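Dumped model-v1.cif below, it's mmCIF, C-alpha atoms:
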data_my_file
#
loop_
_atom_site.label_atom_id
_atom_site.label_comp_id
_atom_site.auth_asym_id
_atom_site.auth_seq_id
_atom_site.Cartn_x
_atom_site.Cartn_y
_atom_site.Cartn_z
CA MET Y 1 12.31 -13.49 -16.79
CA THR Y 2 10.68 -11.47 -19.58
CA VAL Y 3 8.36 -8.64 -18.64
CA ASP Y 4 5.91 -7.63 -21.37
CA ALA Y 5 5.57 -4.10 -22.67
CA LYS Y 6 2.17 -3.71 -21.02
CA THR Y 7 3.62 -4.29 -17.56
CA THR Y 8 6.55 -1.96 -18.23
CA GLY Y 9 4.07 0.65 -19.40
CA LYS Y 10 2.10 0.32 -16.18
CA ALA Y 11 5.26 0.78 -14.13
CA LEU Y 12 6.13 3.93 -16.07
CA ARG Y 13 2.56 5.14 -15.60
CA LEU Y 14 2.78 4.62 -11.83
CA ARG Y 15 6.02 6.61 -11.81
CA GLU Y 16 4.37 9.37 -13.82
CA LEU Y 17 1.42 9.53 -11.43
CA GLY Y 18 3.74 9.75 -8.44
CA ALA Y 19 5.50 12.78 -9.89
CA SER Y 20 2.50 14.97 -9.00
CA LEU Y 21 -0.19 13.68 -6.63
CA ILE Y 22 -1.62 10.19 -6.49
CA VAL Y 23 -4.53 9.21 -4.23
CA LEU Y 24 -4.89 5.52 -3.43
CA PRO Y 25 -8.02 4.15 -1.69
CA ASN Y 26 -6.48 0.77 -0.82
CA ALA Y 27 -8.02 -2.46 -2.12
CA TRP Y 28 -7.89 -5.93 -0.59
CA ASP Y 29 -9.32 -8.27 -3.22
CA ALA Y 30 -10.27 -8.32 -6.89
CA GLY Y 31 -13.77 -7.05 -6.21
CA SER Y 32 -12.73 -4.07 -4.14
CA ALA Y 33 -10.01 -3.24 -6.69
CA ALA Y 34 -12.50 -3.24 -9.55
CA VAL Y 35 -14.92 -1.05 -7.61
CA ILE Y 36 -12.15 1.40 -6.68
CA GLU Y 37 -10.97 1.54 -10.30
CA SER Y 38 -14.55 2.21 -11.43
CA ALA Y 39 -14.68 5.14 -8.99
CA GLY Y 40 -11.85 6.76 -10.93
CA ALA Y 41 -8.66 5.61 -9.22
CA ALA Y 42 -5.65 5.92 -11.51
CA ALA Y 43 -3.83 3.10 -9.72
CA ILE Y 44 -4.56 0.43 -7.12
CA ALA Y 45 -2.60 -0.10 -3.91
CA THR Y 46 -3.27 -3.12 -1.73
CA THR Y 47 -3.55 -3.13 2.04
CA SER Y 48 -1.91 -6.05 3.84
CA GLY Y 49 -4.46 -5.85 6.63
CA GLY Y 50 -7.40 -6.00 4.24
CA VAL Y 51 -5.87 -8.86 2.26
CA ALA Y 52 -5.27 -10.80 5.48
CA TRP Y 53 -8.77 -10.19 6.83
CA SER Y 54 -10.35 -11.28 3.54
CA ILE Y 55 -8.84 -14.76 4.02
CA GLY Y 56 -9.49 -14.95 7.75
CA ARG Y 57 -6.06 -13.97 9.03
CA GLY Y 58 -4.68 -11.09 11.07
CA ASP Y 59 -2.47 -8.30 9.78
CA GLY Y 60 1.28 -8.33 10.37
CA GLN Y 61 2.47 -10.95 7.88
CA HIS Y 62 0.03 -13.58 9.13
CA ALA Y 63 -1.12 -14.10 5.55
CA THR Y 64 1.54 -16.20 3.88
CA LYS Y 65 3.57 -14.94 0.97
CA ALA Y 66 1.73 -17.36 -1.31
CA GLU Y 67 -1.63 -16.01 -0.13
CA MET Y 68 -0.50 -12.41 -0.61
CA LEU Y 69 0.77 -13.17 -4.11
CA ALA Y 70 -2.45 -14.97 -5.04
CA ALA Y 71 -4.47 -11.94 -3.97
CA ALA Y 72 -2.14 -9.65 -5.92
CA ALA Y 73 -2.50 -11.79 -9.04
CA ARG Y 74 -6.29 -11.65 -8.84
CA ILE Y 75 -6.22 -7.89 -8.37
CA VAL Y 76 -3.88 -7.36 -11.33
CA ALA Y 77 -6.21 -9.47 -13.48
CA ALA Y 78 -9.30 -7.54 -12.36
CA VAL Y 79 -8.14 -4.02 -13.29
CA ASP Y 80 -6.44 -2.18 -16.12
CA VAL Y 81 -4.57 0.38 -14.00
CA PRO Y 82 -1.16 -0.13 -12.34
CA VAL Y 83 -1.13 -2.18 -9.14
CA THR Y 84 1.30 -1.68 -6.26
CA VAL Y 85 1.44 -4.37 -3.59
CA ASP Y 86 1.96 -4.12 0.15
CA ILE Y 87 4.53 -6.84 0.81
CA GLU Y 88 4.88 -5.80 4.48
CA GLY Y 89 8.43 -6.68 5.57
CA GLY Y 90 9.19 -8.65 2.42
CA TYR Y 91 8.78 -12.07 4.06
CA GLU Y 92 11.84 -14.28 4.53
CA ASP Y 93 13.62 -13.29 1.32
CA VAL Y 94 12.96 -9.80 -0.03
CA ALA Y 95 14.58 -10.49 -3.40
CA ALA Y 96 12.53 -13.65 -3.97
CA THR Y 97 9.34 -11.85 -2.98
CA VAL Y 98 10.02 -9.02 -5.41
CA ARG Y 99 10.67 -11.44 -8.26
CA GLU Y 100 7.33 -13.13 -7.56
CA VAL Y 101 5.51 -9.79 -7.33
CA VAL Y 102 6.86 -8.86 -10.76
CA ALA Y 103 5.82 -12.27 -12.09
CA VAL Y 104 2.15 -11.65 -11.21
CA GLY Y 105 2.16 -8.32 -13.05
CA ALA Y 106 2.33 -5.82 -10.18
CA VAL Y 107 4.52 -2.77 -10.77
CA GLY Y 108 5.13 -1.38 -7.30
CA ILE Y 109 5.72 -2.46 -3.72
CA ASN Y 110 5.55 -1.12 -0.19
CA LEU Y 111 8.47 -2.42 1.87
CA GLU Y 112 8.46 -1.62 5.58
CA ASP Y 113 11.37 -1.40 7.98
CA SER Y 114 9.56 -2.96 10.93
CA LYS Y 115 9.94 -6.61 11.88
CA ALA Y 116 6.69 -8.53 12.04
CA ALA Y 117 8.02 -10.80 14.78
CA ASP Y 118 8.63 -8.23 17.51
CA GLY Y 119 7.65 -4.76 16.29
CA THR Y 120 11.22 -3.43 16.33
CA LEU Y 121 12.78 -1.77 13.30
CA HIS Y 122 15.67 -2.72 11.09
CA THR Y 123 18.44 -0.19 11.35
CA ALA Y 124 18.65 2.30 8.51
CA ALA Y 125 21.68 0.44 7.14
CA GLU Y 126 19.93 -2.93 7.31
CA GLN Y 127 16.84 -1.60 5.58
CA ALA Y 128 18.94 0.11 2.93
CA GLU Y 129 20.47 -3.28 2.10
CA ARG Y 130 16.99 -4.78 1.82
CA ILE Y 131 15.96 -1.99 -0.56
CA ARG Y 132 19.08 -2.61 -2.66
CA ALA Y 133 18.16 -6.28 -2.80
CA ALA Y 134 14.63 -5.39 -3.92
CA ARG Y 135 15.91 -3.08 -6.64
CA ALA Y 136 18.43 -5.62 -7.89
CA ALA Y 137 15.77 -8.34 -7.95
CA ALA Y 138 13.36 -6.16 -9.90
CA THR Y 139 16.06 -5.34 -12.44
CA ALA Y 140 17.04 -8.99 -12.78
CA ALA Y 141 13.35 -9.86 -13.24
CA GLY Y 142 13.11 -7.46 -16.15
CA LEU Y 143 11.34 -4.58 -14.41
CA PRO Y 144 13.93 -2.02 -13.26
CA GLU Y 145 11.07 0.51 -13.31
CA LEU Y 146 9.39 -1.17 -10.31
CA VAL Y 147 8.26 1.54 -7.89
CA ILE Y 148 9.68 0.91 -4.41
CA ASN Y 149 7.79 2.81 -1.73
CA ALA Y 150 9.94 2.48 1.40
CA ARG Y 151 7.84 2.54 4.55
CA THR Y 152 9.27 3.57 7.89
CA ASP Y 153 7.34 2.81 11.07
CA VAL Y 154 9.21 5.18 13.39
CA PHE Y 155 6.08 7.25 14.06
CA LEU Y 156 3.53 4.44 13.72
CA PHE Y 157 5.21 2.38 16.46
CA GLY Y 158 6.55 5.32 18.46
CA ILE Y 159 10.16 4.21 18.15
CA GLY Y 160 12.67 6.13 20.28
CA GLU Y 161 12.21 9.41 22.12
CA GLU Y 162 9.48 11.56 20.60
CA ALA Y 163 11.80 14.51 20.13
CA GLY Y 164 14.18 12.46 18.02
CA ARG Y 165 11.73 10.69 15.72
CA LEU Y 166 11.72 13.24 12.92
CA ALA Y 167 15.52 13.27 12.79
CA ASP Y 168 15.48 9.45 12.65
CA VAL Y 169 13.06 9.52 9.72
CA LEU Y 170 15.09 12.15 7.88
CA ALA Y 171 18.21 10.02 8.24
CA ARG Y 172 16.33 6.98 7.01
CA VAL Y 173 15.04 8.92 4.00
CA GLU Y 174 18.60 9.72 2.95
CA ALA Y 175 19.72 6.10 3.37
CA TYR Y 176 16.70 4.65 1.61
CA ALA Y 177 16.99 7.09 -1.30
CA ALA Y 178 20.65 6.19 -1.77
CA ALA Y 179 19.68 2.50 -1.79
CA GLY Y 180 17.22 2.94 -4.65
CA ALA Y 181 13.84 3.70 -3.07
CA ASP Y 182 11.39 5.81 -5.07
CA GLY Y 183 9.30 7.16 -2.20
CA ILE Y 184 9.03 7.31 1.57
CA PHE Y 185 5.88 6.24 3.42
CA VAL Y 186 5.51 7.50 6.99
CA PRO Y 187 2.30 6.07 8.49
CA GLY Y 188 1.37 7.47 11.87
CA LEU Y 189 2.54 10.98 10.97
CA LEU Y 190 0.01 13.62 9.95
CA ASP Y 191 1.70 16.71 11.36
CA LEU Y 192 1.81 18.99 8.34
CA ASP Y 193 4.97 20.83 9.38
CA ALA Y 194 6.87 17.58 9.85
CA LEU Y 195 5.59 16.19 6.56
CA CYS Y 196 6.65 19.41 4.87
CA GLU Y 197 10.17 19.02 6.23
CA ILE Y 198 10.38 15.41 5.04
CA ALA Y 199 9.04 16.44 1.63
CA ARG Y 200 12.03 18.75 1.19
CA GLY Y 201 14.23 15.66 1.14
CA PRO Y 202 15.16 13.42 -1.78
CA LEU Y 203 12.04 11.21 -1.83
CA PRO Y 204 8.36 11.92 -2.53
CA VAL Y 205 6.30 11.47 0.63
CA ASN Y 206 3.38 9.08 1.12
CA ALA Y 207 1.03 9.83 4.04
CA MET Y 208 -1.64 7.53 5.43
CA ALA Y 209 -4.76 9.63 5.91
CA GLY Y 210 -8.12 9.04 7.50
CA PRO Y 211 -11.01 10.55 9.48
CA GLY Y 212 -9.98 13.48 11.64
CA GLY Y 213 -6.75 14.02 9.74
CA PRO Y 214 -5.77 16.60 7.12
CA SER Y 215 -7.59 16.56 3.80
CA VAL Y 216 -5.91 15.48 0.58
CA ALA Y 217 -5.62 19.14 -0.38
CA GLU Y 218 -3.92 20.01 2.91
CA LEU Y 219 -1.50 17.12 2.59
CA ALA Y 220 -0.69 18.11 -0.98
CA LYS Y 221 0.00 21.68 0.13
CA ALA Y 222 2.49 20.29 2.65
CA GLY Y 223 4.32 18.55 -0.18
CA VAL Y 224 2.86 15.04 0.14
CA ARG Y 225 2.74 13.33 -3.24
CA ARG Y 226 0.99 10.08 -2.39
CA VAL Y 227 -2.04 9.68 -0.13
CA SER Y 228 -3.34 6.27 0.91
CA VAL Y 229 -5.84 5.15 3.55
CA GLY Y 230 -4.45 1.82 4.71
CA THR Y 231 -7.17 -0.50 5.96
CA GLY Y 232 -9.70 2.35 6.05
CA VAL Y 233 -11.85 1.35 3.07
CA ALA Y 234 -11.81 -2.31 4.13
CA GLN Y 235 -12.89 -1.32 7.64
CA ALA Y 236 -15.73 0.76 6.20
CA ALA Y 237 -16.86 -2.14 4.01
CA TYR Y 238 -16.84 -4.62 6.88
CA THR Y 239 -18.63 -2.08 9.07
CA ALA Y 240 -21.35 -1.78 6.41
CA ALA Y 241 -21.65 -5.58 6.27
CA ARG Y 242 -21.99 -5.78 10.04
CA ALA Y 243 -24.59 -3.00 10.17
CA ALA Y 244 -26.68 -4.67 7.48
CA ALA Y 245 -26.44 -8.04 9.22
CA VAL Y 246 -27.41 -6.60 12.60
CA GLU Y 247 -30.43 -4.83 11.11
CA VAL Y 248 -31.70 -7.91 9.29
CA LEU Y 249 -31.10 -10.21 12.25
CA GLU Y 250 -32.43 -7.94 14.99
CA GLN Y 251 -35.08 -5.83 13.26
CA GLY Y 252 -35.98 -7.80 10.16
CA THR Y 253 -35.63 -4.70 7.99
CA TYR Y 254 -33.27 -3.77 5.17
CA GLY Y 255 -32.53 -0.07 5.41
CA ALA Y 256 -28.78 -0.62 5.53
CA LEU Y 257 -28.97 -2.20 2.08
CA GLU Y 258 -30.47 0.91 0.49
CA GLY Y 259 -28.20 2.93 -1.77
CA ALA Y 260 -25.98 -0.04 -2.60
CA VAL Y 261 -24.37 -0.31 -6.01
CA ASP Y 262 -26.93 -2.15 -8.12
CA TYR Y 263 -26.38 -5.78 -9.06
CA GLY Y 264 -26.03 -5.15 -12.78
CA THR Y 265 -23.40 -2.45 -12.34
CA LEU Y 266 -21.37 -4.51 -9.90
CA ASN Y 267 -21.62 -7.71 -11.90
CA GLY Y 268 -20.72 -5.81 -15.05
CA LEU Y 269 -17.30 -4.98 -13.62
CA PHE Y 270 -16.41 -8.66 -13.99
CA VAL Y 271 -18.43 -10.25 -16.81
CA LYS Y 272 -16.71 -7.92 -19.31
CA ARG Y 273 -13.39 -9.54 -18.46
#
Hey, can you dump this file as structure tokens for me?
Amino acid sequence: MTVDAKTTGKALRLRELGASLIVLPNAWDAGSAAVIESAGAAAIATTSGGVAWSIGRGDGQHATKAEMLAAAARIVAAVDVPVTVDIEGGYEDVAATVREVVAVGAVGINLEDSKAADGTLHTAAEQAERIRAARAAATAAGLPELVINARTDVFLFGIGEEAGRLADVLARVEAYAAAGADGIFVPGLLDLDALCEIARGPLPVNAMAGPGGPSVAELAKAGVRRVSVGTGVAQAAYTAARAAAVEVLEQGTYGALEGAVDYGTLNGLFVKR
């Protein structure tokens, strides 16, 4: 497979952004990606939950690999900035999935260590092998620069005794780094002291933030280098749609539609392409 210079450049740009602080309001379709780019985002990260909901499926690898890749391809085509794709657990064959992600023009992935089927985790050794497979596949596909953000769900799923979770994550960070990961994503953990300890390790840390949690500035001070919001923006968008629908249906008024991005601005994000 031949990867063009533009795609390689985007991968290098994503790496460059991750060397300091990158903030990623996650997108779920081409429209949301274009809007997020227009707001000033330097890169686009997808959310598996948002992608699944947008096609009427639940999160947790209920969208098929083909559906995920189709969404990724549309997002890549809709924006000029680098795109990193949430491939959840990698589907049946991590290497094949990575090759297909590269083929649609994405330059990064999130690869989690949880199993969609039962919510348990791969062992650190098993996940390290999966990361090696992803790295080898990216290299064979012509994009050795692919950014692999290794996600561990120890805290998100409350795996093991609470007192031992941080040690488990730290051990996984070492294993994942040795296997070729470029970053560690620890959703479910917003304790700044714990994040600071993880950030002293070999991989840049990605935290999933949201209402009630630390600000981007506070996370950055703790050493976090990548901040994403998971399904948060998608949830807010669907909440706005529901509020507008309820008002129109129950009251016959349109207040919830006030302040929306105007038609010309929104349409202009796409007609130029």
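Of the listed residues Y:Ala71, Y:Ile109, Y:Ala103, Y:Leu21, the one whose atoms come nearest to Y:Asp86 is Y:Ile109, with distances taken using only C-alpha atoms.
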| atom CA of Y:Gly60 and atom CA of Y:Ala150 are how many Å apart? |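 One can read the atom CA of Y:Gly60 to atom CA of Y:Ala150 distance as 16.5 Å.
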| request: Might you spell out which residues the PyMOL selection byres ((chain Y and resi 257-260) around 12) would select in the displayed file, as number ranges by chain? | output: Y: 237, 240-248, 253-256, 261-266
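Compared by their closest atoms to Y:Ile87, and using all atoms listed in the file, the residues Y:Pro202, Y:Gly108, Y:Gly252, Y:Pro144 rank with Y:Gly108 nearest.
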Using the chain letters and numbers from the file, give me the residues hit by the PyMOL selection byres ((chain Y and resi 36) around 12), as a compact mmCIF listing (two decimals) with C-alpha atoms, in the frame of the given file.
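Result file is out00.txt:
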# COMPACT_ATOMS: atom_id res chain seq x y z
CA VAL Y 23 -4.53 9.21 -4.23
CA LEU Y 24 -4.89 5.52 -3.43
CA PRO Y 25 -8.02 4.15 -1.69
CA ASN Y 26 -6.48 0.77 -0.82
CA ALA Y 27 -8.02 -2.46 -2.12
CA TRP Y 28 -7.89 -5.93 -0.59
CA ASP Y 29 -9.32 -8.27 -3.22
CA ALA Y 30 -10.27 -8.32 -6.89
CA GLY Y 31 -13.77 -7.05 -6.21
CA SER Y 32 -12.73 -4.07 -4.14
CA ALA Y 33 -10.01 -3.24 -6.69
CA ALA Y 34 -12.50 -3.24 -9.55
CA VAL Y 35 -14.92 -1.05 -7.61
CA GLU Y 37 -10.97 1.54 -10.30
CA SER Y 38 -14.55 2.21 -11.43
CA ALA Y 39 -14.68 5.14 -8.99
CA GLY Y 40 -11.85 6.76 -10.93
CA ALA Y 41 -8.66 5.61 -9.22
CA ALA Y 42 -5.65 5.92 -11.51
CA ALA Y 43 -3.83 3.10 -9.72
CA ILE Y 44 -4.56 0.43 -7.12
CA ALA Y 45 -2.60 -0.10 -3.91
CA THR Y 46 -3.27 -3.12 -1.73
CA ILE Y 75 -6.22 -7.89 -8.37
CA ALA Y 78 -9.30 -7.54 -12.36
CA VAL Y 79 -8.14 -4.02 -13.29
CA ASP Y 80 -6.44 -2.18 -16.12
CA VAL Y 81 -4.57 0.38 -14.00
CA VAL Y 83 -1.13 -2.18 -9.14
CA VAL Y 233 -11.85 1.35 3.07
CA ALA Y 234 -11.81 -2.31 4.13
CA LEU Y 266 -21.37 -4.51 -9.90
CA LEU Y 269 -17.30 -4.98 -13.62
| request: Tell me, as a count of residues only, which residues lie within 12 Å of Y:Asn110, counting only C-alpha atoms; anything in the same chain fewer than 4 positions away does not count. | output: 37
Write out all heavy atoms for stretch 261-272 of chain Y, as a PDB file, in the frame of the given file.
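What follows is the written file part35.pdb:
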ATOM      1  N   VAL Y 261     -24.600  -0.203  -4.577  1.00  0.00           N
ATOM      2  CA  VAL Y 261     -24.370  -0.310  -6.010  1.00  0.00           C
ATOM      3  C   VAL Y 261     -25.265  -1.420  -6.543  1.00  0.00           C
ATOM      4  O   VAL Y 261     -25.327  -2.516  -5.965  1.00  0.00           O
ATOM      5  CB  VAL Y 261     -22.888  -0.634  -6.306  1.00  0.00           C
ATOM      6  CG1 VAL Y 261     -22.659  -0.797  -7.804  1.00  0.00           C
ATOM      7  CG2 VAL Y 261     -21.987   0.455  -5.748  1.00  0.00           C
ATOM      8  N   ASP Y 262     -25.983  -1.149  -7.646  1.00  0.00           N
ATOM      9  CA  ASP Y 262     -26.930  -2.150  -8.120  1.00  0.00           C
ATOM     10  C   ASP Y 262     -26.227  -3.386  -8.673  1.00  0.00           C
ATOM     11  O   ASP Y 262     -25.060  -3.326  -9.088  1.00  0.00           O
ATOM     12  CB  ASP Y 262     -27.870  -1.544  -9.173  1.00  0.00           C
ATOM     13  CG  ASP Y 262     -27.145  -1.220 -10.469  1.00  0.00           C
ATOM     14  OD1 ASP Y 262     -27.028  -2.096 -11.327  1.00  0.00           O
ATOM     15  OD2 ASP Y 262     -26.691  -0.061 -10.617  1.00  0.00           O
ATOM     16  N   TYR Y 263     -26.944  -4.479  -8.671  1.00  0.00           N
ATOM     17  CA  TYR Y 263     -26.380  -5.780  -9.060  1.00  0.00           C
ATOM     18  C   TYR Y 263     -25.775  -5.735 -10.452  1.00  0.00           C
ATOM     19  O   TYR Y 263     -24.655  -6.218 -10.673  1.00  0.00           O
ATOM     20  CB  TYR Y 263     -27.483  -6.843  -8.994  1.00  0.00           C
ATOM     21  CG  TYR Y 263     -27.047  -8.188  -9.512  1.00  0.00           C
ATOM     22  CD1 TYR Y 263     -26.438  -9.120  -8.683  1.00  0.00           C
ATOM     23  CD2 TYR Y 263     -27.234  -8.527 -10.856  1.00  0.00           C
ATOM     24  CE1 TYR Y 263     -26.029 -10.354  -9.156  1.00  0.00           C
ATOM     25  CE2 TYR Y 263     -26.819  -9.757 -11.352  1.00  0.00           C
ATOM     26  CZ  TYR Y 263     -26.223 -10.668 -10.502  1.00  0.00           C
ATOM     27  OH  TYR Y 263     -25.806 -11.878 -10.987  1.00  0.00           O
ATOM     28  N   GLY Y 264     -26.500  -5.172 -11.397  1.00  0.00           N
ATOM     29  CA  GLY Y 264     -26.030  -5.150 -12.780  1.00  0.00           C
ATOM     30  C   GLY Y 264     -24.727  -4.389 -12.941  1.00  0.00           C
ATOM     31  O   GLY Y 264     -23.820  -4.831 -13.654  1.00  0.00           O
ATOM     32  N   THR Y 265     -24.627  -3.239 -12.257  1.00  0.00           N
ATOM     33  CA  THR Y 265     -23.400  -2.450 -12.340  1.00  0.00           C
ATOM     34  C   THR Y 265     -22.231  -3.198 -11.751  1.00  0.00           C
ATOM     35  O   THR Y 265     -21.145  -3.265 -12.343  1.00  0.00           O
ATOM     36  CB  THR Y 265     -23.582  -1.106 -11.605  1.00  0.00           C
ATOM     37  OG1 THR Y 265     -24.625  -0.356 -12.252  1.00  0.00           O
ATOM     38  CG2 THR Y 265     -22.303  -0.292 -11.624  1.00  0.00           C
ATOM     39  N   LEU Y 266     -22.450  -3.786 -10.572  1.00  0.00           N
ATOM     40  CA  LEU Y 266     -21.370  -4.510  -9.900  1.00  0.00           C
ATOM     41  C   LEU Y 266     -20.963  -5.745 -10.708  1.00  0.00           C
ATOM     42  O   LEU Y 266     -19.775  -5.989 -10.950  1.00  0.00           O
ATOM     43  CB  LEU Y 266     -21.815  -4.902  -8.498  1.00  0.00           C
ATOM     44  CG  LEU Y 266     -20.723  -5.355  -7.526  1.00  0.00           C
ATOM     45  CD1 LEU Y 266     -19.637  -4.295  -7.385  1.00  0.00           C
ATOM     46  CD2 LEU Y 266     -21.319  -5.670  -6.172  1.00  0.00           C
ATOM     47  N   ASN Y 267     -21.927  -6.504 -11.143  1.00  0.00           N
ATOM     48  CA  ASN Y 267     -21.620  -7.710 -11.900  1.00  0.00           C
ATOM     49  C   ASN Y 267     -20.925  -7.368 -13.217  1.00  0.00           C
ATOM     50  O   ASN Y 267     -20.051  -8.099 -13.692  1.00  0.00           O
ATOM     51  CB  ASN Y 267     -22.905  -8.501 -12.169  1.00  0.00           C
ATOM     52  CG  ASN Y 267     -22.636  -9.938 -12.551  1.00  0.00           C
ATOM     53  OD1 ASN Y 267     -21.929 -10.642 -11.843  1.00  0.00           O
ATOM     54  ND2 ASN Y 267     -23.186 -10.377 -13.672  1.00  0.00           N
ATOM     55  N   GLY Y 268     -21.301  -6.217 -13.774  1.00  0.00           N
ATOM     56  CA  GLY Y 268     -20.720  -5.810 -15.050  1.00  0.00           C
ATOM     57  C   GLY Y 268     -19.227  -5.483 -14.974  1.00  0.00           C
ATOM     58  O   GLY Y 268     -18.544  -5.468 -15.999  1.00  0.00           O
ATOM     59  N   LEU Y 269     -18.737  -5.239 -13.770  1.00  0.00           N
ATOM     60  CA  LEU Y 269     -17.300  -4.980 -13.620  1.00  0.00           C
ATOM     61  C   LEU Y 269     -16.478  -6.239 -13.903  1.00  0.00           C
ATOM     62  O   LEU Y 269     -15.286  -6.152 -14.162  1.00  0.00           O
ATOM     63  CB  LEU Y 269     -16.992  -4.488 -12.204  1.00  0.00           C
ATOM     64  CG  LEU Y 269     -17.603  -3.158 -11.791  1.00  0.00           C
ATOM     65  CD1 LEU Y 269     -17.288  -2.879 -10.323  1.00  0.00           C
ATOM     66  CD2 LEU Y 269     -17.091  -2.032 -12.669  1.00  0.00           C
ATOM     67  N   PHE Y 270     -17.131  -7.391 -13.868  1.00  0.00           N
ATOM     68  CA  PHE Y 270     -16.410  -8.660 -13.990  1.00  0.00           C
ATOM     69  C   PHE Y 270     -16.772  -9.454 -15.229  1.00  0.00           C
ATOM     70  O   PHE Y 270     -15.890 -10.088 -15.823  1.00  0.00           O
ATOM     71  CB  PHE Y 270     -16.651  -9.505 -12.735  1.00  0.00           C
ATOM     72  CG  PHE Y 270     -16.363  -8.736 -11.467  1.00  0.00           C
ATOM     73  CD1 PHE Y 270     -17.387  -8.221 -10.698  1.00  0.00           C
ATOM     74  CD2 PHE Y 270     -15.057  -8.469 -11.094  1.00  0.00           C
ATOM     75  CE1 PHE Y 270     -17.134  -7.480  -9.557  1.00  0.00           C
ATOM     76  CE2 PHE Y 270     -14.787  -7.723  -9.964  1.00  0.00           C
ATOM     77  CZ  PHE Y 270     -15.813  -7.227  -9.183  1.00  0.00           C
ATOM     78  N   VAL Y 271     -18.047  -9.428 -15.649  1.00  0.00           N
ATOM     79  CA  VAL Y 271     -18.430 -10.250 -16.810  1.00  0.00           C
ATOM     80  C   VAL Y 271     -17.736  -9.741 -18.074  1.00  0.00           C
ATOM     81  O   VAL Y 271     -17.482 -10.520 -18.996  1.00  0.00           O
ATOM     82  CB  VAL Y 271     -19.964 -10.257 -17.012  1.00  0.00           C
ATOM     83  CG1 VAL Y 271     -20.634 -10.958 -15.855  1.00  0.00           C
ATOM     84  CG2 VAL Y 271     -20.528  -8.855 -17.195  1.00  0.00           C
ATOM     85  N   LYS Y 272     -17.375  -8.458 -18.128  1.00  0.00           N
ATOM     86  CA  LYS Y 272     -16.710  -7.920 -19.310  1.00  0.00           C
ATOM     87  C   LYS Y 272     -15.314  -8.488 -19.478  1.00  0.00           C
ATOM     88  O   LYS Y 272     -14.718  -8.404 -20.555  1.00  0.00           O
ATOM     89  CB  LYS Y 272     -16.647  -6.388 -19.242  1.00  0.00           C
ATOM     90  CG  LYS Y 272     -15.735  -5.864 -18.141  1.00  0.00           C
ATOM     91  CD  LYS Y 272     -15.701  -4.352 -18.118  1.00  0.00           C
ATOM     92  CE  LYS Y 272     -14.739  -3.828 -17.024  1.00  0.00           C
ATOM     93  NZ  LYS Y 272     -14.709  -2.359 -16.995  1.00  0.00           N
TER      94      LYS Y 272
END
